[in-house]
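Inspection log for the structure reproduced underneath, given as structure tokens.
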Amino acid sequence: MTGMETQRLSRDMWAIAVPSILANLSIPLLGLADSFIMGHLEGPEFLAALAIGTMIFGILYNGFNFLRMATTGFAAQAYGREDASEGSVVMLRATLLAFVIGILLILLQPAITQIAFQLTEAEAHVERLADGYFSLRIYGAPFALFNFVAVGWLLGMHRAKDALIVQVFMNVTNIVLNFYLVYGEGMDVDGVGLGTALAEFLAALMSLFLIYRHYRRLFNASPFDKAALAEVLDRDGLVRLLKLNRDIFIRTLCLMVAMASFTILGSRFGSAVLAANAILMNLQMATSYGLDGFAQAAEILVGRETGRKNPAALRQASLVAGKFALYAAVALTLVYAVTGEAIISLLTNIENIRAEAGTYLIWLILLPLFSVWSFLFDGIFIGATAGGHMRNSMLLSVLFYALCLWISLPLWGNHGLWFSYTAFLVMRAITLAFHYPKLEKAAHKGGLHG
């Protein structure tokens, strides 16, 4: 590629990455705000209950995060091919699927909580608090999943600023509502659950407004056009959508099993360690969401160049995103090394939780350098819609994670838990990097779908 083309890719990358980073950082800020609210109530049980409740929703929502990822990849490829009809159908079909799944989650609420509480083995009063949180937040599920679709579609259609508006609006609204319901209305963990559900509903309205505002200009059609709806509801098309999302779904479920096991195993070291792990993991989530801005830029650019059947540009887009992602990872490691203890002290005034979090702070400091590559390769493979490779990589990585847990937990306790999580992220990157050359080869044909 010429220097001018590389500069163009760099500009495109930053045009996507900056809004994506800002949007992504608003997500863990919500988690940190919730930790602050619960961390300043009396006793560690509120933070512990929040950790369990957010773990359950992490499994549920991240398990269906293929709604966002697949929508971004397919929309970006449609954008690259300048196929407006395909772009609109991708969005509308994913929306239909999101609401169906969200309603099913509400109906399955009792079974979900029963299974989750059997696995956590937390104290009874912590489980009661977590159940109050879950029973209110679950009603936001259809709207939360629709927001996945909306953000994914906006990103794929190169409308990263609109995706930023949705994310920031939802999370700022959520923080305000949570503070009001807890400190203004005297609620505790259940107030956080209710505030989150309300914020998800309001953000869905914002998403609808932004999509509809640009729909006619982008597609020169109405989202309620009868011909468009008939295509969306076409049986064969819906079956293809489910098949294409299958591998990403399996991959994401494996990821959530790994993340849930981290919380479950941490809960067996007591409420103080569970709460400390929750604080550190919220900070690690801040790291991942920040670095994911570069991964999302890779998703969109790789998807676009795959749609254009341009493997050289695909490689350059991956290199550009990787270079700046590494710079960001180094910066985050330095920030945590210098200010980590101060951040922990800000998030909670409970001394035993502060002490436990300080004991394991070293893992938070090191993780940006180890985790950046798994996030970046995820973005590259999502853009190429290479779901089969993502699935296989995750299955191998989860097996490796289980092996690390089996060896390290008896030796090092909670340090072993953090070591295993770090090794899991490294293995994800290694296994995806092994398959990367296949993406360039497949780009000649317009991408992979498995």
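Just so we're on the same page: first chain in the structure tokens is A, next is B, and so on; residues restart at 1 for each chain, and ligands are numbered from 1 in the order they show up.
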Give me the residues of range 300-401 of chain A that have any atom at most 10 Å from an atom of range 152-163 of chain A; for each, the nearest atom pair and the distance in Å, rounded to one decimal. Use only C-alpha atoms, sort by chain and number, and format it as CSV.
residue,atom,partner,partner_atom,distance
A:Ile300,CA,A:Gly156,CA,5.7
A:Leu301,CA,A:Gly156,CA,9.0
A:Gly303,CA,A:Gly156,CA,8.2
A:Arg304,CA,A:Gly156,CA,8.4
A:Gly383,CA,A:Gly156,CA,9.1
(message) Neighbouring residues of Val168 in chain A were defined as those with any atom within 6 Å, considering only C-alpha atoms; residues of the same chain fewer than 3 positions away were excluded. Please report them as an MDAnalysis selection string.
(response) chainID A and resid 23 26 164:165 171:172
Contacts of Gly191 in chain A at 12 Å or less, counting only C-alpha atoms, minus same-chain residues fewer than 3 places along, as a CSV table (one decimal) with all heavy atoms, in the first residue's frame?
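The resulting file, out08.csv, is reproduced below:
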chain,number,residue,atom,x,y,z
A,34,ASP,N,-21.1,2.1,40.5
A,34,ASP,CA,-21.9,1.1,41.3
A,34,ASP,C,-21.1,0.6,42.5
A,34,ASP,O,-21.6,0.4,43.6
A,34,ASP,CB,-22.4,0.0,40.5
A,34,ASP,CG,-23.5,0.4,39.5
A,34,ASP,OD1,-24.0,1.6,39.6
A,34,ASP,OD2,-23.8,-0.3,38.5
A,37,ILE,N,-21.0,3.3,45.1
A,37,ILE,CA,-22.2,3.4,45.8
A,37,ILE,C,-22.3,2.3,46.9
A,37,ILE,O,-22.6,2.5,48.0
A,37,ILE,CB,-23.4,3.4,44.9
A,37,ILE,CG1,-23.4,4.6,43.9
A,37,ILE,CG2,-24.7,3.3,45.6
A,37,ILE,CD1,-24.4,4.5,42.8
A,38,MET,N,-22.1,1.0,46.4
A,38,MET,CA,-22.2,-0.1,47.3
A,38,MET,C,-21.1,-0.1,48.3
A,38,MET,O,-21.2,-0.6,49.5
A,38,MET,CB,-22.3,-1.4,46.6
A,38,MET,CG,-23.5,-1.6,45.7
A,38,MET,SD,-25.1,-1.6,46.6
A,38,MET,CE,-25.7,0.1,46.4
A,46,PHE,N,-23.1,-5.8,50.4
A,46,PHE,CA,-23.7,-5.1,49.3
A,46,PHE,C,-22.8,-5.2,48.1
A,46,PHE,O,-23.3,-5.4,47.0
A,46,PHE,CB,-24.0,-3.6,49.7
A,46,PHE,CG,-24.9,-3.5,50.8
A,46,PHE,CD1,-24.5,-3.1,52.1
A,46,PHE,CD2,-26.3,-3.7,50.6
A,46,PHE,CE1,-25.4,-3.0,53.1
A,46,PHE,CE2,-27.2,-3.6,51.7
A,46,PHE,CZ,-26.7,-3.3,52.9
A,50,LEU,N,-23.7,-7.2,44.6
A,50,LEU,CA,-23.5,-6.6,43.3
A,50,LEU,C,-22.6,-7.4,42.4
A,50,LEU,O,-22.9,-7.5,41.2
A,50,LEU,CB,-23.0,-5.2,43.5
A,50,LEU,CG,-22.8,-4.4,42.2
A,50,LEU,CD1,-24.1,-4.1,41.5
A,50,LEU,CD2,-22.0,-3.1,42.5
A,129,LEU,N,-29.9,-10.3,48.6
A,129,LEU,CA,-29.7,-9.0,48.1
A,129,LEU,C,-29.5,-9.1,46.5
A,129,LEU,O,-30.0,-8.2,45.8
A,129,LEU,CB,-28.4,-8.3,48.7
A,129,LEU,CG,-28.6,-7.9,50.2
A,129,LEU,CD1,-27.2,-7.5,50.8
A,129,LEU,CD2,-29.5,-6.7,50.3
A,130,ALA,N,-28.7,-10.1,46.1
A,130,ALA,CA,-28.5,-10.2,44.7
A,130,ALA,C,-29.8,-10.5,43.9
A,130,ALA,O,-30.0,-10.1,42.8
A,130,ALA,CB,-27.5,-11.4,44.4
A,132,GLY,N,-32.8,-9.4,44.7
A,132,GLY,CA,-33.5,-8.2,44.6
A,132,GLY,C,-33.0,-7.4,43.4
A,132,GLY,O,-33.8,-6.8,42.7
A,133,TYR,N,-31.7,-7.4,43.2
A,133,TYR,CA,-31.1,-6.7,42.1
A,133,TYR,C,-31.5,-7.3,40.8
A,133,TYR,O,-32.0,-6.6,39.8
A,133,TYR,CB,-29.5,-6.8,42.2
A,133,TYR,CG,-28.7,-6.3,41.0
A,133,TYR,CD1,-28.3,-5.0,40.9
A,133,TYR,CD2,-28.3,-7.3,40.1
A,133,TYR,CE1,-27.6,-4.6,39.8
A,133,TYR,CE2,-27.6,-6.9,39.0
A,133,TYR,CZ,-27.2,-5.5,38.9
A,133,TYR,OH,-26.4,-5.1,37.8
A,134,PHE,N,-31.4,-8.6,40.7
A,134,PHE,CA,-31.7,-9.3,39.4
A,134,PHE,C,-33.2,-9.2,39.0
A,134,PHE,O,-33.5,-8.9,37.9
A,134,PHE,CB,-31.4,-10.8,39.6
A,134,PHE,CG,-31.6,-11.6,38.3
A,134,PHE,CD1,-30.6,-11.7,37.4
A,134,PHE,CD2,-32.8,-12.2,38.0
A,134,PHE,CE1,-30.8,-12.4,36.2
A,134,PHE,CE2,-33.0,-12.9,36.9
A,134,PHE,CZ,-32.0,-13.0,36.0
A,135,SER,N,-34.1,-9.3,40.0
A,135,SER,CA,-35.5,-9.3,39.7
A,135,SER,C,-36.0,-8.0,39.2
A,135,SER,O,-37.1,-8.0,38.5
A,135,SER,CB,-36.3,-9.7,41.0
A,135,SER,OG,-36.1,-8.7,42.0
A,136,LEU,N,-35.3,-6.9,39.4
A,136,LEU,CA,-35.7,-5.6,38.8
A,136,LEU,C,-35.0,-5.4,37.5
A,136,LEU,O,-35.6,-4.9,36.5
A,136,LEU,CB,-35.4,-4.5,39.8
A,136,LEU,CG,-36.3,-4.5,41.0
A,136,LEU,CD1,-35.9,-3.4,42.0
A,136,LEU,CD2,-37.8,-4.2,40.6
A,137,ARG,N,-33.7,-5.7,37.4
A,137,ARG,CA,-32.9,-5.4,36.3
A,137,ARG,C,-33.3,-6.2,35.0
A,137,ARG,O,-33.2,-5.7,33.9
A,137,ARG,CB,-31.4,-5.6,36.5
A,137,ARG,CG,-30.6,-5.2,35.3
A,137,ARG,CD,-29.1,-5.2,35.6
A,137,ARG,NE,-28.3,-5.0,34.3
A,137,ARG,CZ,-27.0,-5.1,34.2
A,137,ARG,NH1,-26.3,-5.4,35.2
A,137,ARG,NH2,-26.5,-4.8,33.0
A,174,ASN,N,-27.8,6.0,33.7
A,174,ASN,CA,-27.8,4.9,34.7
A,174,ASN,C,-27.1,5.3,36.0
A,174,ASN,O,-27.6,5.0,37.1
A,174,ASN,CB,-27.0,3.7,34.1
A,174,ASN,CG,-27.3,2.4,34.8
A,174,ASN,OD1,-27.8,2.3,35.9
A,174,ASN,ND2,-27.0,1.3,34.1
A,175,ILE,N,-26.0,6.0,35.9
A,175,ILE,CA,-25.3,6.4,37.1
A,175,ILE,C,-26.1,7.4,37.9
A,175,ILE,O,-26.3,7.3,39.1
A,175,ILE,CB,-23.9,7.1,36.7
A,175,ILE,CG1,-23.0,6.0,36.2
A,175,ILE,CG2,-23.3,7.8,37.9
A,175,ILE,CD1,-21.7,6.6,35.6
A,176,VAL,N,-26.8,8.3,37.2
A,176,VAL,CA,-27.6,9.3,37.9
A,176,VAL,C,-28.8,8.6,38.6
A,176,VAL,O,-29.1,8.9,39.8
A,176,VAL,CB,-28.1,10.4,36.9
A,176,VAL,CG1,-29.2,11.3,37.6
A,176,VAL,CG2,-26.9,11.2,36.4
A,177,LEU,N,-29.4,7.7,37.9
A,177,LEU,CA,-30.6,7.0,38.5
A,177,LEU,C,-30.2,6.1,39.7
A,177,LEU,O,-30.9,6.1,40.7
A,177,LEU,CB,-31.2,6.1,37.4
A,177,LEU,CG,-32.1,6.8,36.3
A,177,LEU,CD1,-32.5,5.9,35.2
A,177,LEU,CD2,-33.3,7.5,37.0
A,178,ASN,N,-29.0,5.5,39.6
A,178,ASN,CA,-28.5,4.6,40.7
A,178,ASN,C,-28.3,5.5,41.9
A,178,ASN,O,-28.6,5.1,43.0
A,178,ASN,CB,-27.3,3.8,40.2
A,178,ASN,CG,-27.6,2.8,39.2
A,178,ASN,OD1,-28.8,2.5,38.9
A,178,ASN,ND2,-26.6,2.1,38.7
A,179,PHE,N,-27.6,6.6,41.7
A,179,PHE,CA,-27.3,7.4,42.9
A,179,PHE,C,-28.6,7.9,43.5
A,179,PHE,O,-28.8,7.9,44.8
A,179,PHE,CB,-26.4,8.6,42.5
A,179,PHE,CG,-25.0,8.4,42.6
A,179,PHE,CD1,-24.2,8.0,41.6
A,179,PHE,CD2,-24.4,8.6,43.9
A,179,PHE,CE1,-22.8,7.8,41.7
A,179,PHE,CE2,-23.0,8.4,44.0
A,179,PHE,CZ,-22.2,8.0,42.9
A,180,TYR,N,-29.6,8.3,42.7
A,180,TYR,CA,-30.8,8.8,43.2
A,180,TYR,C,-31.6,7.8,43.9
A,180,TYR,O,-32.1,8.0,45.0
A,180,TYR,CB,-31.7,9.4,42.0
A,180,TYR,CG,-33.1,9.7,42.4
A,180,TYR,CD1,-33.4,10.8,43.2
A,180,TYR,CD2,-34.1,8.8,42.1
A,180,TYR,CE1,-34.7,11.0,43.6
A,180,TYR,CE2,-35.4,9.1,42.4
A,180,TYR,CZ,-35.7,10.2,43.2
A,180,TYR,OH,-37.0,10.4,43.6
A,181,LEU,N,-31.7,6.6,43.4
A,181,LEU,CA,-32.5,5.5,44.0
A,181,LEU,C,-31.9,5.0,45.3
A,181,LEU,O,-32.6,4.7,46.2
A,181,LEU,CB,-32.7,4.4,43.0
A,181,LEU,CG,-33.6,4.7,41.8
A,181,LEU,CD1,-33.5,3.6,40.7
A,181,LEU,CD2,-35.0,4.9,42.2
A,182,VAL,N,-30.6,5.0,45.3
A,182,VAL,CA,-29.9,4.5,46.6
A,182,VAL,C,-29.9,5.5,47.6
A,182,VAL,O,-30.3,5.3,48.8
A,182,VAL,CB,-28.5,3.9,46.3
A,182,VAL,CG1,-27.8,3.6,47.5
A,182,VAL,CG2,-28.6,2.7,45.3
A,183,TYR,N,-29.4,6.7,47.3
A,183,TYR,CA,-29.2,7.8,48.3
A,183,TYR,C,-30.4,8.6,48.5
A,183,TYR,O,-30.6,9.2,49.5
A,183,TYR,CB,-28.0,8.6,48.0
A,183,TYR,CG,-26.7,7.9,48.1
A,183,TYR,CD1,-25.8,7.7,47.0
A,183,TYR,CD2,-26.3,7.3,49.4
A,183,TYR,CE1,-24.6,7.0,47.2
A,183,TYR,CE2,-25.1,6.7,49.5
A,183,TYR,CZ,-24.3,6.5,48.4
A,183,TYR,OH,-23.1,5.8,48.5
A,184,GLY,N,-31.2,8.7,47.4
A,184,GLY,CA,-32.4,9.6,47.5
A,184,GLY,C,-33.7,8.8,48.0
A,184,GLY,O,-34.5,9.3,48.7
A,185,GLU,N,-33.8,7.6,47.6
A,185,GLU,CA,-35.0,6.8,47.9
A,185,GLU,C,-34.7,5.7,48.9
A,185,GLU,O,-35.6,4.9,49.3
A,185,GLU,CB,-35.5,6.1,46.6
A,185,GLU,CG,-36.0,7.1,45.6
A,185,GLU,CD,-37.2,8.0,46.1
A,185,GLU,OE1,-38.0,7.4,46.9
A,185,GLU,OE2,-37.2,9.2,45.8
A,186,GLY,N,-33.5,5.6,49.4
A,186,GLY,CA,-33.2,4.6,50.5
A,186,GLY,C,-33.1,3.2,50.0
A,186,GLY,O,-33.1,2.3,50.9
A,187,MET,N,-32.9,2.9,48.7
A,187,MET,CA,-32.8,1.5,48.2
A,187,MET,C,-31.3,1.1,48.4
A,187,MET,O,-30.4,1.9,48.7
A,187,MET,CB,-33.3,1.4,46.8
A,187,MET,CG,-34.7,1.8,46.6
A,187,MET,SD,-35.3,1.8,44.9
A,187,MET,CE,-35.4,0.0,44.6
A,188,ASP,N,-31.0,-0.2,48.1
A,188,ASP,CA,-29.6,-0.6,48.1
A,188,ASP,C,-29.3,-1.3,46.8
A,188,ASP,O,-29.4,-0.6,45.8
A,188,ASP,CB,-29.3,-1.5,49.3
A,188,ASP,CG,-30.4,-2.6,49.5
A,188,ASP,OD1,-30.6,-3.4,48.6
A,188,ASP,OD2,-31.1,-2.6,50.6
A,194,LEU,N,-32.9,-1.5,39.4
A,194,LEU,CA,-34.0,-0.7,38.8
A,194,LEU,C,-33.4,0.4,38.0
A,194,LEU,O,-33.9,0.7,36.9
A,194,LEU,CB,-34.9,-0.2,40.0
A,194,LEU,CG,-36.0,0.7,39.5
A,194,LEU,CD1,-37.0,0.0,38.5
A,194,LEU,CD2,-36.8,1.2,40.7
A,195,GLY,N,-32.4,1.1,38.5
A,195,GLY,CA,-31.9,2.2,37.7
A,195,GLY,C,-31.3,1.8,36.4
A,195,GLY,O,-31.4,2.4,35.4
A,196,THR,N,-30.7,0.6,36.4
A,196,THR,CA,-30.1,0.0,35.2
A,196,THR,C,-31.2,-0.3,34.1
A,196,THR,O,-31.0,0.0,33.0
A,196,THR,CB,-29.2,-1.2,35.5
A,196,THR,OG1,-28.2,-0.8,36.4
A,196,THR,CG2,-28.6,-1.7,34.2
A,197,ALA,N,-32.3,-0.9,34.6
A,197,ALA,CA,-33.3,-1.3,33.7
A,197,ALA,C,-34.0,-0.1,33.1
A,197,ALA,O,-34.3,0.0,31.9
A,197,ALA,CB,-34.4,-2.1,34.4
A,198,LEU,N,-34.2,1.0,33.9
A,198,LEU,CA,-34.8,2.2,33.3
A,198,LEU,C,-33.8,2.9,32.3
A,198,LEU,O,-34.3,3.4,31.3
A,198,LEU,CB,-35.1,3.2,34.5
A,198,LEU,CG,-36.2,2.8,35.4
A,198,LEU,CD1,-36.2,3.7,36.6
A,198,LEU,CD2,-37.5,2.7,34.7
(message) What's around Thr359 in chain A at 10 Å? Count only C-alpha atoms, leave out sequence neighbours fewer than 3 positions away in its own chain, and write the answer as an MDAnalysis selection string.
(response) chainID A and resid 273 276 353:356 362:363 414:415
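In this comparison, which uses only C-alpha atoms, the residue of A:Phe294, A:Trp406, A:Phe249, A:Phe377 approaching Val320 in chain A most closely is A:Phe294.
Between CA of Phe324 in chain A and CA of Trp418 in chain A lies a distance of 26.1 Å.
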(request) Find the residues near Arg11 in chain A: any atom within 12 Å, counting only C-alpha atoms, skip ones fewer than 5 places away on the same chain, and give them as a PyMOL selection string. (result) chain A and resi 4-6+16-18+297+301+317+320-321
Using only C-alpha atoms, which residues sit within 9 Å of Gln284 in chain A once same-chain residues fewer than 5 positions away are excluded, as a short mmCIF file (atom, residue, chain, number, x, y, z; two decimals) with N, CA and C atoms, in the first residue's frame?
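After the write, out25.cif holds the following:
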data_model
loop_
_atom_site.label_atom_id
_atom_site.label_comp_id
_atom_site.auth_asym_id
_atom_site.auth_seq_id
_atom_site.Cartn_x
_atom_site.Cartn_y
_atom_site.Cartn_z
N PRO A 28 -17.47 0.65 31.91
CA PRO A 28 -16.88 0.34 33.21
C PRO A 28 -17.00 1.47 34.22
N ILE A 279 -13.74 -5.23 42.55
CA ILE A 279 -13.19 -3.90 42.28
C ILE A 279 -12.09 -3.98 41.23
N TYR A 289 -12.43 -2.35 27.93
CA TYR A 289 -13.31 -1.50 27.14
C TYR A 289 -12.54 -0.39 26.44
N LEU A 364 -3.54 -6.44 38.05
CA LEU A 364 -4.17 -5.36 37.32
C LEU A 364 -3.13 -4.54 36.55
N LEU A 367 -1.92 -6.77 33.45
CA LEU A 367 -2.91 -7.28 32.50
C LEU A 367 -3.04 -6.50 31.18
N PRO A 368 -2.92 -5.16 31.16
CA PRO A 368 -3.04 -4.49 29.86
C PRO A 368 -2.07 -5.02 28.81
#
